[in-house]
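Worksheet: the structure to be examined is printed underneath.
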Amino acid sequence: MKNMKRTFALILVVVMVLLSITACGGSDSDSAVDTIKENGKIVMLTNAAFAPFEYMEGNTVVGVDADIAAEIAKELGVELEIVNMDFDSIIDFVKTEKGDFGAAGITVNEERKAQVDFSVEYVTSTQYVIIPADQDPATYDLNGKIIGVQQGTTGDMYYASVTDTFTCKEVKRYKSAVDAANDMKAGRVDCVIIDELPAKKIVENNADTMLCYDPGWAPEDYAIAVKKGSDLLPVINTVLERLMDEGMIEEYVINHTGA
Ligand code: ARG
């Protein structure tokens, strides 16, 4: 009887020790912030064909989102690494922790909110239409047109693919809106749908062949994406709130549009 009691007590101790080990989850930390600080580096995922928000200057990714990211890195006291990739894979990469956050002029919507967490919104935009310079924006009719978009963007999702705003003839999807605009120049698409400031930038660089107009569609808000439940979110929000309070986002936009 005494022996049985002792064995039972021993089993209980073993079970309790095992339980406490699994509860701690070993040494792996759930904190993104801790991991970033341990590594001394934070990784931003973007698609650098979206001036003024992100574009290449030589081999470096620069732009409004890169400036914001530099402030986030500074807040954490770590280095910033920027990975340039296809826009339509960014959310997936954030989800699977192949980077710490996605900053790419990403429009917040329900579909994306189901996959990642979003920061506070830092820019409001809308979709623009780029057309050849010999067309009249006042009478331009999107019905029956071949439309170029950047694959996986809201221009692609809302307006070209599943729209009831108009019925286009065909949607051509590109790695970037710049590629789509080049194909418009070559006569392979009729027009391009992309966010306001990137549209204006493309037109600025092709002033004699293109113009753009606002078709009056719904406004969209940009935010930074992190993995669901990430403790990085409050840090990013603090930085964004401060930058907005200080008027820095507008300043970054001005710096990168040359306005
Ligand atoms: N705002 C649009 C979206 O979220 C387009 C963003 C494209 N961004 C980029 N860096 N290429 O779908």
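Residues are referred to by chain and number: the chain letter is A, B, ... according to the order shown in the structure tokens, the number counts from 1 in that chain, and ligands are numbered separately from 1 in the order shown.
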Do you have, as JSON lines, the list of residues of chain A lying at most 7 Å from ligand 1, each with its nearest atom pair and that distance in Å to one decimal, counting only C-alpha atoms and all ligand atoms and ordered by chain then number?
{"residue": "A:Thr46", "atom": "CA", "partner": "ligand 1", "partner_atom_place_in_ligand_line": "10 (N)", "distance": 5.7}
{"residue": "A:Asn47", "atom": "CA", "partner": "ligand 1", "partner_atom_place_in_ligand_line": "10 (N)", "distance": 4.2}
{"residue": "A:Ala48", "atom": "CA", "partner": "ligand 1", "partner_atom_place_in_ligand_line": "10 (N)", "distance": 5.6}
{"residue": "A:Ala49", "atom": "CA", "partner": "ligand 1", "partner_atom_place_in_ligand_line": "11 (N)", "distance": 5.5}
{"residue": "A:Phe50", "atom": "CA", "partner": "ligand 1", "partner_atom_place_in_ligand_line": "11 (N)", "distance": 4.7}
{"residue": "A:Phe53", "atom": "CA", "partner": "ligand 1", "partner_atom_place_in_ligand_line": "10 (N)", "distance": 6.9}
{"residue": "A:Glu54", "atom": "CA", "partner": "ligand 1", "partner_atom_place_in_ligand_line": "10 (N)", "distance": 6.1}
{"residue": "A:Phe87", "atom": "CA", "partner": "ligand 1", "partner_atom_place_in_ligand_line": "11 (N)", "distance": 5.4}
{"residue": "A:Ala104", "atom": "CA", "partner": "ligand 1", "partner_atom_place_in_ligand_line": "10 (N)", "distance": 3.9}
{"residue": "A:Gly105", "atom": "CA", "partner": "ligand 1", "partner_atom_place_in_ligand_line": "6 (C)", "distance": 4.8}
{"residue": "A:Ile106", "atom": "CA", "partner": "ligand 1", "partner_atom_place_in_ligand_line": "4 (O)", "distance": 3.6}
{"residue": "A:Thr107", "atom": "CA", "partner": "ligand 1", "partner_atom_place_in_ligand_line": "4 (O)", "distance": 3.7}
{"residue": "A:Val108", "atom": "CA", "partner": "ligand 1", "partner_atom_place_in_ligand_line": "4 (O)", "distance": 7.0}
{"residue": "A:Gly152", "atom": "CA", "partner": "ligand 1", "partner_atom_place_in_ligand_line": "12 (O)", "distance": 6.3}
{"residue": "A:Thr153", "atom": "CA", "partner": "ligand 1", "partner_atom_place_in_ligand_line": "12 (O)", "distance": 3.1}
{"residue": "A:Thr154", "atom": "CA", "partner": "ligand 1", "partner_atom_place_in_ligand_line": "12 (O)", "distance": 3.8}
{"residue": "A:Gly155", "atom": "CA", "partner": "ligand 1", "partner_atom_place_in_ligand_line": "12 (O)", "distance": 6.5}
{"residue": "A:Ser176", "atom": "CA", "partner": "ligand 1", "partner_atom_place_in_ligand_line": "11 (N)", "distance": 6.4}
{"residue": "A:Ile194", "atom": "CA", "partner": "ligand 1", "partner_atom_place_in_ligand_line": "5 (C)", "distance": 6.8}
{"residue": "A:Asp195", "atom": "CA", "partner": "ligand 1", "partner_atom_place_in_ligand_line": "1 (N)", "distance": 6.1}
{"residue": "A:Tyr222", "atom": "CA", "partner": "ligand 1", "partner_atom_place_in_ligand_line": "1 (N)", "distance": 6.6}
- From the DSSP assignment of the backbone, select every residue of stretch 73-190 of chain A that is strand (DSSP E), and format the answer as a PyMOL selection string. chain A and resi 79-84+101-102+117-118+123-125+127-132+146-150+170-174
- Query: Skipping near chain neighbours, those fewer than 2 positions away, what residues fall within 10 Å of A:Leu45 using only C-alpha atoms, listed as a count of residues only?
  - Reply: 23
- Smallest atom-to-atom distance to A:Lys37: which of A:Ile254, A:Met184, A:Val78, A:Val61, using only C-alpha atoms?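 Comparing A:Ile254, A:Met184, A:Val78, A:Val61 against A:Lys37, the winner is A:Val78.
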- Rounded to one decimal in Å, what is the spacing between atom CA of A:Asp134 and atom CA of A:Thr209?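 Interatomic distance here is 7.7 Å.
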Compile a residue-level contact table for stretch 182-239 of chain A against stretch 145-151 of chain A at a cut-off of 6 Å, reporting for every qualifying residue the shortest atom pair and its distance in Å to one decimal, with only C-alpha atoms counted, rows ordered by chain and ascending number, as JSON lines.
{"residue": "A:Val189", "atom": "CA", "partner": "A:Ile146", "partner_atom": "CA", "distance": 5.1}
{"residue": "A:Asp190", "atom": "CA", "partner": "A:Ile146", "partner_atom": "CA", "distance": 5.2}
{"residue": "A:Cys191", "atom": "CA", "partner": "A:Ile147", "partner_atom": "CA", "distance": 5.3}
{"residue": "A:Val192", "atom": "CA", "partner": "A:Gly148", "partner_atom": "CA", "distance": 4.5}
{"residue": "A:Ile193", "atom": "CA", "partner": "A:Val149", "partner_atom": "CA", "distance": 5.6}
Put those residues in a file: C-alpha atoms, as a short mmCIF file (atom, residue, chain, number, x, y, z; two decimals), in the first residue's frame.
data_model
loop_
_atom_site.label_atom_id
_atom_site.label_comp_id
_atom_site.auth_asym_id
_atom_site.auth_seq_id
_atom_site.Cartn_x
_atom_site.Cartn_y
_atom_site.Cartn_z
CA VAL A 189 -3.47 46.90 -73.85
CA ASP A 190 -5.86 49.85 -74.12
CA CYS A 191 -5.44 51.22 -70.60
CA VAL A 192 -4.00 50.47 -67.15
CA ILE A 193 -5.70 50.55 -63.74
#
Shell around A:Ser230 at 12 Å using only C-alpha atoms, local window under 2 positions removed, as a PDB file with N, CA and C atoms, in the first residue's frame:
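Just written: out.pdb:
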ATOM      1  N   SER A  29      10.648  31.376 -28.716  1.00  0.00           N
ATOM      2  CA  SER A  29       9.825  32.484 -28.249  1.00  0.00           C
ATOM      3  C   SER A  29       8.708  32.770 -29.245  1.00  0.00           C
ATOM      4  N   ASP A  30       7.541  33.147 -28.726  1.00  0.00           N
ATOM      5  CA  ASP A  30       6.412  33.508 -29.576  1.00  0.00           C
ATOM      6  C   ASP A  30       6.481  34.979 -29.953  1.00  0.00           C
ATOM      7  N   SER A  31       7.424  35.678 -29.356  1.00  0.00           N
ATOM      8  CA  SER A  31       7.469  37.117 -29.549  1.00  0.00           C
ATOM      9  C   SER A  31       8.283  37.482 -30.782  1.00  0.00           C
ATOM     10  N   ALA A  32       7.614  38.094 -31.760  1.00  0.00           N
ATOM     11  CA  ALA A  32       8.320  38.544 -32.970  1.00  0.00           C
ATOM     12  C   ALA A  32       9.345  39.600 -32.584  1.00  0.00           C
ATOM     13  N   VAL A  33       8.954  40.459 -31.636  1.00  0.00           N
ATOM     14  CA  VAL A  33       9.852  41.540 -31.223  1.00  0.00           C
ATOM     15  C   VAL A  33      11.137  40.974 -30.608  1.00  0.00           C
ATOM     16  N   ASP A  34      10.999  39.951 -29.739  1.00  0.00           N
ATOM     17  CA  ASP A  34      12.189  39.328 -29.130  1.00  0.00           C
ATOM     18  C   ASP A  34      13.096  38.749 -30.200  1.00  0.00           C
ATOM     19  N   THR A  35      12.495  38.036 -31.158  1.00  0.00           N
ATOM     20  CA  THR A  35      13.286  37.405 -32.211  1.00  0.00           C
ATOM     21  C   THR A  35      14.020  38.462 -33.044  1.00  0.00           C
ATOM     22  N   ILE A  36      13.319  39.538 -33.379  1.00  0.00           N
ATOM     23  CA  ILE A  36      13.920  40.620 -34.173  1.00  0.00           C
ATOM     24  C   ILE A  36      15.107  41.219 -33.419  1.00  0.00           C
ATOM     25  N   VAL A  94       4.142  37.036 -45.367  1.00  0.00           N
ATOM     26  CA  VAL A  94       3.944  37.582 -44.021  1.00  0.00           C
ATOM     27  C   VAL A  94       3.323  36.504 -43.131  1.00  0.00           C
ATOM     28  N   LYS A  95       2.340  35.818 -43.707  1.00  0.00           N
ATOM     29  CA  LYS A  95       1.615  34.762 -42.989  1.00  0.00           C
ATOM     30  C   LYS A  95       2.544  33.652 -42.516  1.00  0.00           C
ATOM     31  N   THR A  96       3.497  33.299 -43.363  1.00  0.00           N
ATOM     32  CA  THR A  96       4.382  32.171 -43.063  1.00  0.00           C
ATOM     33  C   THR A  96       5.725  32.634 -42.501  1.00  0.00           C
ATOM     34  N   GLU A  97       5.761  33.901 -42.061  1.00  0.00           N
ATOM     35  CA  GLU A  97       6.946  34.469 -41.396  1.00  0.00           C
ATOM     36  C   GLU A  97       8.215  34.411 -42.229  1.00  0.00           C
ATOM     37  N   ASP A 100       9.190  39.994 -41.604  1.00  0.00           N
ATOM     38  CA  ASP A 100       8.504  40.447 -40.390  1.00  0.00           C
ATOM     39  C   ASP A 100       7.242  41.249 -40.678  1.00  0.00           C
ATOM     40  N   PHE A 101       7.280  42.032 -41.755  1.00  0.00           N
ATOM     41  CA  PHE A 101       6.071  42.790 -42.108  1.00  0.00           C
ATOM     42  C   PHE A 101       6.055  43.105 -43.597  1.00  0.00           C
ATOM     43  N   VAL A 116      -4.039  38.250 -42.440  1.00  0.00           N
ATOM     44  CA  VAL A 116      -2.986  38.938 -41.678  1.00  0.00           C
ATOM     45  C   VAL A 116      -3.615  40.018 -40.803  1.00  0.00           C
ATOM     46  N   ASP A 117      -2.813  40.567 -39.887  1.00  0.00           N
ATOM     47  CA  ASP A 117      -3.270  41.722 -39.101  1.00  0.00           C
ATOM     48  C   ASP A 117      -2.742  42.990 -39.763  1.00  0.00           C
ATOM     49  N   PHE A 118      -3.540  44.053 -39.730  1.00  0.00           N
ATOM     50  CA  PHE A 118      -3.123  45.320 -40.319  1.00  0.00           C
ATOM     51  C   PHE A 118      -2.912  46.378 -39.247  1.00  0.00           C
ATOM     52  N   SER A 119      -1.931  47.238 -39.513  1.00  0.00           N
ATOM     53  CA  SER A 119      -1.655  48.382 -38.642  1.00  0.00           C
ATOM     54  C   SER A 119      -2.749  49.433 -38.841  1.00  0.00           C
ATOM     55  N   ALA A 225       1.137  45.138 -43.027  1.00  0.00           N
ATOM     56  CA  ALA A 225       0.639  43.810 -42.664  1.00  0.00           C
ATOM     57  C   ALA A 225       1.657  43.051 -41.816  1.00  0.00           C
ATOM     58  N   VAL A 226       1.154  42.403 -40.752  1.00  0.00           N
ATOM     59  CA  VAL A 226       1.999  41.505 -39.943  1.00  0.00           C
ATOM     60  C   VAL A 226       1.263  40.170 -39.770  1.00  0.00           C
ATOM     61  N   LYS A 227       2.019  39.180 -39.300  1.00  0.00           N
ATOM     62  CA  LYS A 227       1.413  37.888 -39.021  1.00  0.00           C
ATOM     63  C   LYS A 227       0.318  38.056 -37.966  1.00  0.00           C
ATOM     64  N   LYS A 228      -0.746  37.298 -38.083  1.00  0.00           N
ATOM     65  CA  LYS A 228      -1.848  37.394 -37.116  1.00  0.00           C
ATOM     66  C   LYS A 228      -1.341  37.199 -35.689  1.00  0.00           C
ATOM     67  N   LEU A 232       4.495  42.613 -32.883  1.00  0.00           N
ATOM     68  CA  LEU A 232       5.137  43.701 -33.608  1.00  0.00           C
ATOM     69  C   LEU A 232       4.122  44.811 -33.934  1.00  0.00           C
ATOM     70  N   LEU A 233       2.861  44.431 -33.978  1.00  0.00           N
ATOM     71  CA  LEU A 233       1.820  45.380 -34.405  1.00  0.00           C
ATOM     72  C   LEU A 233       1.777  46.664 -33.562  1.00  0.00           C
ATOM     73  N   PRO A 234       1.751  46.550 -32.205  1.00  0.00           N
ATOM     74  CA  PRO A 234       1.721  47.789 -31.416  1.00  0.00           C
ATOM     75  C   PRO A 234       2.943  48.676 -31.647  1.00  0.00           C
ATOM     76  N   VAL A 235       4.094  48.062 -31.907  1.00  0.00           N
ATOM     77  CA  VAL A 235       5.308  48.855 -32.165  1.00  0.00           C
ATOM     78  C   VAL A 235       5.127  49.643 -33.467  1.00  0.00           C
ATOM     79  N   ILE A 236       4.652  48.957 -34.503  1.00  0.00           N
ATOM     80  CA  ILE A 236       4.430  49.605 -35.800  1.00  0.00           C
ATOM     81  C   ILE A 236       3.389  50.718 -35.667  1.00  0.00           C
TER      82      ILE A 236
END
